[in-house]
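One structure is given here, and the rest of the page talks about it.
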Amino acid sequence: MVLDVRMAGMDGIQTLRAVKSAHPLLEVIMLTGHASLEIAREGMQLGAFDYLMKPIDLDELLYKLEDAYKKKTLQQHKIKTIEGVIESRK
């Protein structure tokens with residue numbers, strides 16, 4: 001997911017909290033046009049995959065999306081492997 005920090009209604013940090021609570025393996029890339037070390041730190045502590053400044057280079061965003069996809073795929077594979085081991089021990 002690509003998520004802007006500043007949005008109407010619920011801000012990006014609130015949205016990140018809700019998304020990670022419901023879908024902990026979902027990778028979230030935060031975008032902002034307003035540099036804030038505090039917001040970046042909070043987003044990363046809440047599980048954001050990365051925090052990028054706008055305007056963003058499209059190639060950099062695509063690279064980050066690929067990295068996030070690879071991380072999620074690896075996590076899912078690890079979970080399935082662990083589930084298989086647990087199931088085989090029953």
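Naming scheme: A, B, ... for chains in displayed order of the structure tokens; residues 1 onward per chain; ligands 1 onward as shown.
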Next item on the list: Could you please write out, as JSON, numbers by chain, every residue of chain A that DSSP assigns to helix (DSSP H, G or I)?
Entry: {"A": [12, 13, 14, 15, 16, 17, 18, 19, 20, 21, 22, 37, 38, 39, 40, 41, 42, 43, 44, 45, 58, 59, 60, 61, 62, 63, 64, 65, 66, 67, 68, 69, 70, 71, 72, 73, 74, 75, 76, 77, 78, 79, 80, 81, 82, 83, 84, 85, 86, 87, 88]}
Selected residues, N, CA and C atoms, written as a short mmCIF file (atom, residue, chain, number, x, y, z; two decimals), in the first residue's frame, please.
data_model
loop_
_atom_site.label_atom_id
_atom_site.label_comp_id
_atom_site.auth_asym_id
_atom_site.auth_seq_id
_atom_site.Cartn_x
_atom_site.Cartn_y
_atom_site.Cartn_z
N GLY A 12 -2.50 9.86 7.76
CA GLY A 12 -1.77 8.67 7.35
C GLY A 12 -1.33 7.80 8.51
N ILE A 13 -0.95 8.40 9.63
CA ILE A 13 -0.51 7.62 10.79
C ILE A 13 -1.69 6.85 11.38
N GLN A 14 -2.85 7.50 11.49
CA GLN A 14 -4.05 6.81 11.98
C GLN A 14 -4.43 5.67 11.04
N THR A 15 -4.35 5.93 9.75
CA THR A 15 -4.68 4.90 8.76
C THR A 15 -3.68 3.74 8.85
N LEU A 16 -2.40 4.06 9.01
CA LEU A 16 -1.38 3.02 9.15
C LEU A 16 -1.68 2.14 10.35
N ARG A 17 -2.03 2.75 11.49
CA ARG A 17 -2.37 1.96 12.69
C ARG A 17 -3.52 0.99 12.39
N ALA A 18 -4.57 1.50 11.76
CA ALA A 18 -5.74 0.67 11.47
C ALA A 18 -5.40 -0.44 10.48
N VAL A 19 -4.65 -0.12 9.46
CA VAL A 19 -4.29 -1.10 8.43
C VAL A 19 -3.41 -2.20 9.02
N LYS A 20 -2.39 -1.82 9.78
CA LYS A 20 -1.48 -2.81 10.36
C LYS A 20 -2.18 -3.66 11.41
N SER A 21 -3.16 -3.09 12.08
CA SER A 21 -3.93 -3.87 13.06
C SER A 21 -4.76 -4.95 12.36
N ALA A 22 -5.36 -4.58 11.25
CA ALA A 22 -6.22 -5.52 10.51
C ALA A 22 -5.42 -6.46 9.62
N LEU A 37 10.74 14.41 10.89
CA LEU A 37 11.45 13.27 11.44
C LEU A 37 10.57 12.53 12.44
N GLU A 38 9.79 13.26 13.22
CA GLU A 38 8.92 12.63 14.22
C GLU A 38 7.87 11.74 13.56
N ILE A 39 7.23 12.23 12.51
CA ILE A 39 6.21 11.44 11.80
C ILE A 39 6.86 10.24 11.12
N ALA A 40 8.02 10.44 10.51
CA ALA A 40 8.72 9.32 9.87
C ALA A 40 9.07 8.26 10.89
N ARG A 41 9.58 8.66 12.03
CA ARG A 41 9.95 7.71 13.08
C ARG A 41 8.71 6.95 13.57
N GLU A 42 7.63 7.67 13.80
CA GLU A 42 6.39 7.03 14.27
C GLU A 42 5.87 6.03 13.25
N GLY A 43 5.88 6.42 11.98
CA GLY A 43 5.42 5.51 10.93
C GLY A 43 6.25 4.24 10.86
N MET A 44 7.56 4.38 10.97
CA MET A 44 8.43 3.21 10.93
C MET A 44 8.22 2.34 12.16
N GLN A 45 8.03 2.95 13.33
CA GLN A 45 7.78 2.18 14.55
C GLN A 45 6.45 1.43 14.47
N LEU A 58 9.69 8.18 -9.84
CA LEU A 58 8.87 7.01 -10.13
C LEU A 58 9.69 5.72 -10.06
N ASP A 59 10.92 5.74 -10.54
CA ASP A 59 11.76 4.55 -10.48
C ASP A 59 12.05 4.16 -9.02
N GLU A 60 12.28 5.15 -8.16
CA GLU A 60 12.52 4.86 -6.75
C GLU A 60 11.29 4.23 -6.10
N LEU A 61 10.11 4.77 -6.42
CA LEU A 61 8.87 4.21 -5.88
C LEU A 61 8.67 2.78 -6.37
N LEU A 62 8.91 2.52 -7.63
CA LEU A 62 8.76 1.16 -8.17
C LEU A 62 9.74 0.21 -7.50
N TYR A 63 10.96 0.66 -7.25
CA TYR A 63 11.96 -0.15 -6.57
C TYR A 63 11.48 -0.50 -5.16
N LYS A 64 10.94 0.49 -4.44
CA LYS A 64 10.44 0.26 -3.09
C LYS A 64 9.24 -0.70 -3.10
N LEU A 65 8.38 -0.56 -4.10
CA LEU A 65 7.23 -1.46 -4.22
C LEU A 65 7.69 -2.90 -4.45
N GLU A 66 8.69 -3.08 -5.29
CA GLU A 66 9.24 -4.42 -5.53
C GLU A 66 9.84 -4.99 -4.25
N ASP A 67 10.58 -4.18 -3.51
CA ASP A 67 11.17 -4.64 -2.25
C ASP A 67 10.08 -5.03 -1.25
N ALA A 68 9.04 -4.21 -1.17
CA ALA A 68 7.95 -4.50 -0.24
C ALA A 68 7.25 -5.80 -0.63
N TYR A 69 7.04 -6.02 -1.92
CA TYR A 69 6.41 -7.25 -2.39
C TYR A 69 7.27 -8.47 -2.05
N LYS A 70 8.58 -8.35 -2.27
CA LYS A 70 9.49 -9.45 -1.95
C LYS A 70 9.45 -9.77 -0.45
N LYS A 71 9.45 -8.74 0.38
CA LYS A 71 9.41 -8.96 1.83
C LYS A 71 8.12 -9.66 2.23
N LYS A 72 6.99 -9.21 1.70
CA LYS A 72 5.70 -9.83 2.04
C LYS A 72 5.66 -11.28 1.57
N THR A 73 6.15 -11.53 0.37
CA THR A 73 6.17 -12.89 -0.17
C THR A 73 7.03 -13.81 0.70
N LEU A 74 8.17 -13.32 1.13
CA LEU A 74 9.06 -14.11 1.99
C LEU A 74 8.40 -14.39 3.33
N GLN A 75 7.73 -13.41 3.91
CA GLN A 75 7.03 -13.61 5.18
C GLN A 75 5.93 -14.66 5.03
N GLN A 76 5.17 -14.59 3.95
CA GLN A 76 4.10 -15.55 3.73
C GLN A 76 4.67 -16.96 3.57
N HIS A 77 5.79 -17.09 2.87
CA HIS A 77 6.43 -18.39 2.68
C HIS A 77 6.89 -18.96 4.03
N LYS A 78 7.48 -18.12 4.87
CA LYS A 78 7.93 -18.56 6.19
C LYS A 78 6.74 -19.04 7.03
N ILE A 79 5.65 -18.31 6.98
CA ILE A 79 4.45 -18.69 7.74
C ILE A 79 3.93 -20.04 7.26
N LYS A 80 3.84 -20.24 5.95
CA LYS A 80 3.37 -21.52 5.41
C LYS A 80 4.29 -22.66 5.80
N THR A 81 5.60 -22.40 5.80
CA THR A 81 6.56 -23.43 6.20
C THR A 81 6.36 -23.81 7.66
N ILE A 82 6.21 -22.83 8.51
CA ILE A 82 5.99 -23.09 9.94
C ILE A 82 4.68 -23.82 10.15
N GLU A 83 3.63 -23.40 9.45
CA GLU A 83 2.35 -24.09 9.56
C GLU A 83 2.47 -25.54 9.13
N GLY A 84 3.24 -25.80 8.07
CA GLY A 84 3.44 -27.18 7.60
C GLY A 84 4.16 -28.03 8.63
N VAL A 85 5.17 -27.46 9.28
CA VAL A 85 5.92 -28.17 10.31
C VAL A 85 4.99 -28.48 11.49
N ILE A 86 4.22 -27.51 11.91
CA ILE A 86 3.31 -27.71 13.03
C ILE A 86 2.27 -28.76 12.68
N GLU A 87 1.73 -28.70 11.48
CA GLU A 87 0.71 -29.66 11.04
C GLU A 87 1.28 -31.08 10.97
N SER A 88 2.54 -31.20 10.54
CA SER A 88 3.14 -32.53 10.42
C SER A 88 3.43 -33.17 11.79
#
Margin query: I need the residues in chain A that are strand (DSSP E or B) according to DSSP; give them as a ChimeraX atom specification.
Written below: /A:2-4,29-32,50-53
Next item on the list: Write out as an MDAnalysis selection string each polymer residue whose atoms come within 6 Å of Tyr51 (chain A), counting only C-alpha atoms; drop sequence neighbours fewer than 5 positions from it.
Entry: chainID A and resid 29:31
Create the file for the chosen residues now, containing N, CA and C atoms and written as a PDB file, in the first residue's frame.
ATOM      1  N   ILE A  29       4.071   1.819   2.310  1.00  0.00           N
ATOM      2  CA  ILE A  29       5.059   2.845   2.007  1.00  0.00           C
ATOM      3  C   ILE A  29       4.380   4.190   2.232  1.00  0.00           C
ATOM      4  N   MET A  30       4.943   4.979   3.125  1.00  0.00           N
ATOM      5  CA  MET A  30       4.383   6.289   3.461  1.00  0.00           C
ATOM      6  C   MET A  30       5.006   7.353   2.555  1.00  0.00           C
ATOM      7  N   LEU A  31       4.179   8.260   2.039  1.00  0.00           N
ATOM      8  CA  LEU A  31       4.645   9.379   1.221  1.00  0.00           C
ATOM      9  C   LEU A  31       4.269  10.683   1.905  1.00  0.00           C
TER      10      LEU A  31
END
Check: In Å to one decimal, how far is CA of Met53 (chain A) from CA of His34 (chain A)?
Finding: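 These two atoms are separated by 7.6 Å.
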Margin query: What does the structure give for the distance between CA of Thr32 (chain A) and CA of Val5 (chain A), in Å to one decimal?
Written below: 5.4 Å
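Distance annotation: of A:Arg89, A:Pro24, A:Gly33, A:Met7, the residue with the minimal separation from Leu46 (chain A) is A:Pro24; atom set is only C-alpha atoms.
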Next item on the list: Can you work out the spacing between CA of Ala48 (chain A) and CA of Val28 (chain A) in Å, to one decimal?
Entry: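 A separation of 5.0 Å between them.
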